[in-house]
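Structure first, then comments.
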Amino acid sequence: MTTPFDHIAIPKAGSGPGVVVLHSWWGLNAFFKGLCDRFARAGFVALAPDLYAGKVASTVAEAKKLRAEATASRRVPAYKTLIAATNHLSHHGAVTAPHVALVGFSMGGHWALWLAQRPELPIASTVVFYASRNGDYTKSNSRFLFHFAENDEWVSQGSVNKLKKSLEKAGRVSSYHEYPGTTHWFFEEDRPEAFHRKAAALSWKRTLAFLRD
């Protein structure tokens with residue numbers, strides 16, 4: 001099930017593997033819609049569920065307000081929206097496999113790690129940009145790829161260490177990359193204060209290779 005605010009992109013070939021794109025706390029803005037289109041050009045069917053019902057933020061203050069409003073006022077909790085979107089994409093007529101991948105950014109990465117812990121969901125791969133989440137991954141069916149910033153005021157090294165221990169304990173296949181000279185949101189080109197062109201290009205290359213493997 002999707003909402004009128006969600007964004008889906010399908011390859012010219014008409015079909016491909018499924019990828020759920022989970023936006024950061026800025027909302028489903030033009031960058032994340034464009035990222036879905038970019039995935040489609042690479043051969044994937046990409047769906048981005050919108051957790052803010054069409055609203056977007058451009059500043060940290062606005063993003064905090066939107067996140068708080070969404071948490072307080074949603075009739076349908078965010079986790080139910082994300083579960084529904086994941087299941088919807090796995091059954092979409094253009095998707096060529098029963099399992100899908102998750103690609104999450106910051107807040108979206110935090111949600112991706114929550115979803116990936118659930119064995120009942122059709123998740124085979126999880127890619128996370130600058131986010132961590134401790135938890136029980138022992139029943140997860142996913143493998144993991146992480147992209148971390150070298151200097152990140154939003155993601156502590158302690159939380160990353162706990163995440164690594166959780167995944168190691170669960171025996172999950174996981175790869176970790178840290179990008180020198182980067183900060184939080186380094187992949188998002190509409191964040192000029194953080195965007196790092198070289199790191200963004202390399203992390204994109206690694207993401208596609210991981211998803212195609």
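Residue numbers start at 1 in each chain; chains themselves are named A, B, ... in the order of the structure tokens; ligands are numbered from 1 in the order shown.
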Next on the checklist: With DSSP run on the backbone, what are the alpha helix (DSSP H) residues within region 67-135 of chain A? I'd like them as a PyMOL selection string.
Outcome noted: chain A and resi 67-73+78-90+107-116
Next on the checklist: When you look at Leu145 (chain A) with a cut-off of 8 Å (counting only C-alpha atoms), what residues show up, excluding the ones that are within fewer than 6 positions of it in the same chain? I need them as a PyMOL selection string.
Outcome noted: chain A and resi 126-128+174-176+207+210
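Using only C-alpha atoms, the nearest neighbour of Tyr52 (chain A) within the list A:Gly108, A:Leu82, A:Gly181, A:Phe5 is A:Phe5.
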Item to check | Close residues, Phe39 (chain A) itself excluded, 10 Å, only C-alpha atoms, min 4 positions apart in chain, as a ChimeraX atom specification | outcome: /A:9-11,18-19,21,34-35,43-47,208
For the selection you just gave me, I'd like the residues written to a file as a PDB file, in the first residue's frame, keeping C-alpha atoms.
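Contents of result_9.pdb, as written:
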ATOM      1  CA  ALA A   9      10.435   5.004 -10.257  1.00  0.00           C
ATOM      2  CA  ILE A  10      10.537   2.110 -12.738  1.00  0.00           C
ATOM      3  CA  PRO A  11      13.369   1.333 -15.195  1.00  0.00           C
ATOM      4  CA  GLY A  18      13.071  -3.625  -5.737  1.00  0.00           C
ATOM      5  CA  VAL A  19      14.651  -0.946  -3.554  1.00  0.00           C
ATOM      6  CA  VAL A  21      14.463   4.376  -0.275  1.00  0.00           C
ATOM      7  CA  GLY A  34      15.635  12.142  -7.772  1.00  0.00           C
ATOM      8  CA  LEU A  35      17.516   9.341  -6.042  1.00  0.00           C
ATOM      9  CA  GLY A  43      17.865  -0.899 -13.361  1.00  0.00           C
ATOM     10  CA  PHE A  44      15.982  -0.947 -10.056  1.00  0.00           C
ATOM     11  CA  VAL A  45      12.351  -0.350  -9.161  1.00  0.00           C
ATOM     12  CA  ALA A  46      12.646   2.257  -6.395  1.00  0.00           C
ATOM     13  CA  LEU A  47       9.910   3.266  -3.972  1.00  0.00           C
ATOM     14  CA  LEU A 208      25.147  -0.500  -6.622  1.00  0.00           C
TER      15      LEU A 208
END
Next on the checklist: What parts of chain A does DSSP call strand (DSSP E)? I'd like the answer as a PyMOL selection string.
Outcome noted: chain A and resi 7-9+16-22+45-48+95-105+123-129+143-151+174-183
Store the residues of this selection in a file with C-alpha atoms, as a PDB file, in the first residue's frame.
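Done, and the output landed in out.pdb:
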ATOM      1  CA  HIS A   7       7.376   8.293  -5.099  1.00  0.00           C
ATOM      2  CA  ILE A   8       8.086   5.283  -7.302  1.00  0.00           C
ATOM      3  CA  ALA A   9      10.435   5.004 -10.257  1.00  0.00           C
ATOM      4  CA  GLY A  16      13.945  -4.855 -11.998  1.00  0.00           C
ATOM      5  CA  PRO A  17      14.872  -5.655  -8.397  1.00  0.00           C
ATOM      6  CA  GLY A  18      13.071  -3.625  -5.737  1.00  0.00           C
ATOM      7  CA  VAL A  19      14.651  -0.946  -3.554  1.00  0.00           C
ATOM      8  CA  VAL A  20      12.873   0.938  -0.772  1.00  0.00           C
ATOM      9  CA  VAL A  21      14.463   4.376  -0.275  1.00  0.00           C
ATOM     10  CA  LEU A  22      13.994   5.773   3.247  1.00  0.00           C
ATOM     11  CA  VAL A  45      12.351  -0.350  -9.161  1.00  0.00           C
ATOM     12  CA  ALA A  46      12.646   2.257  -6.395  1.00  0.00           C
ATOM     13  CA  LEU A  47       9.910   3.266  -3.972  1.00  0.00           C
ATOM     14  CA  ALA A  48      10.279   6.080  -1.424  1.00  0.00           C
ATOM     15  CA  VAL A  95       9.668  -6.168  -9.276  1.00  0.00           C
ATOM     16  CA  THR A  96      11.499  -9.281 -10.412  1.00  0.00           C
ATOM     17  CA  ALA A  97      12.294 -10.896  -7.046  1.00  0.00           C
ATOM     18  CA  PRO A  98      10.218 -11.593  -3.927  1.00  0.00           C
ATOM     19  CA  HIS A  99      12.768  -9.888  -1.681  1.00  0.00           C
ATOM     20  CA  VAL A 100      13.716  -6.206  -1.733  1.00  0.00           C
ATOM     21  CA  ALA A 101      16.539  -4.002  -0.501  1.00  0.00           C
ATOM     22  CA  LEU A 102      16.396  -1.056   1.870  1.00  0.00           C
ATOM     23  CA  VAL A 103      18.517   2.073   1.443  1.00  0.00           C
ATOM     24  CA  GLY A 104      18.151   4.501   4.344  1.00  0.00           C
ATOM     25  CA  PHE A 105      19.666   7.870   5.204  1.00  0.00           C
ATOM     26  CA  ILE A 123      14.269  -7.823   3.091  1.00  0.00           C
ATOM     27  CA  ALA A 124      17.433  -9.330   1.608  1.00  0.00           C
ATOM     28  CA  SER A 125      19.810  -6.353   1.723  1.00  0.00           C
ATOM     29  CA  THR A 126      20.111  -3.196   3.809  1.00  0.00           C
ATOM     30  CA  VAL A 127      22.249  -0.158   2.972  1.00  0.00           C
ATOM     31  CA  VAL A 128      22.627   2.522   5.633  1.00  0.00           C
ATOM     32  CA  PHE A 129      24.088   6.000   5.277  1.00  0.00           C
ATOM     33  CA  ARG A 143      22.998  -8.550   4.795  1.00  0.00           C
ATOM     34  CA  PHE A 144      24.283  -5.066   5.516  1.00  0.00           C
ATOM     35  CA  LEU A 145      26.379  -2.278   4.009  1.00  0.00           C
ATOM     36  CA  PHE A 146      27.193   0.856   6.001  1.00  0.00           C
ATOM     37  CA  HIS A 147      28.504   4.228   4.905  1.00  0.00           C
ATOM     38  CA  PHE A 148      29.743   6.390   7.803  1.00  0.00           C
ATOM     39  CA  ALA A 149      31.120   9.912   7.918  1.00  0.00           C
ATOM     40  CA  GLU A 150      34.524  10.458   9.484  1.00  0.00           C
ATOM     41  CA  ASN A 151      33.259  13.363  11.584  1.00  0.00           C
ATOM     42  CA  SER A 174      28.159  -6.771   7.140  1.00  0.00           C
ATOM     43  CA  SER A 175      30.526  -4.302   5.474  1.00  0.00           C
ATOM     44  CA  TYR A 176      31.536  -0.910   6.858  1.00  0.00           C
ATOM     45  CA  HIS A 177      33.056   2.102   5.129  1.00  0.00           C
ATOM     46  CA  GLU A 178      34.153   5.389   6.660  1.00  0.00           C
ATOM     47  CA  TYR A 179      34.781   8.323   4.326  1.00  0.00           C
ATOM     48  CA  PRO A 180      37.657  10.676   5.201  1.00  0.00           C
ATOM     49  CA  GLY A 181      36.876  14.370   5.393  1.00  0.00           C
ATOM     50  CA  THR A 182      33.116  13.868   5.530  1.00  0.00           C
ATOM     51  CA  THR A 183      30.334  14.867   7.889  1.00  0.00           C
TER      52      THR A 183
END
Item to check | A:Asn141, A:Ser203, A:Ser106, A:Gln117 ranked by distance to Glu153 (chain A), top pick (using only C-alpha atoms) | outcome: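 Of the candidates, the smallest distance to Glu153 (chain A) is held by A:Ser106.
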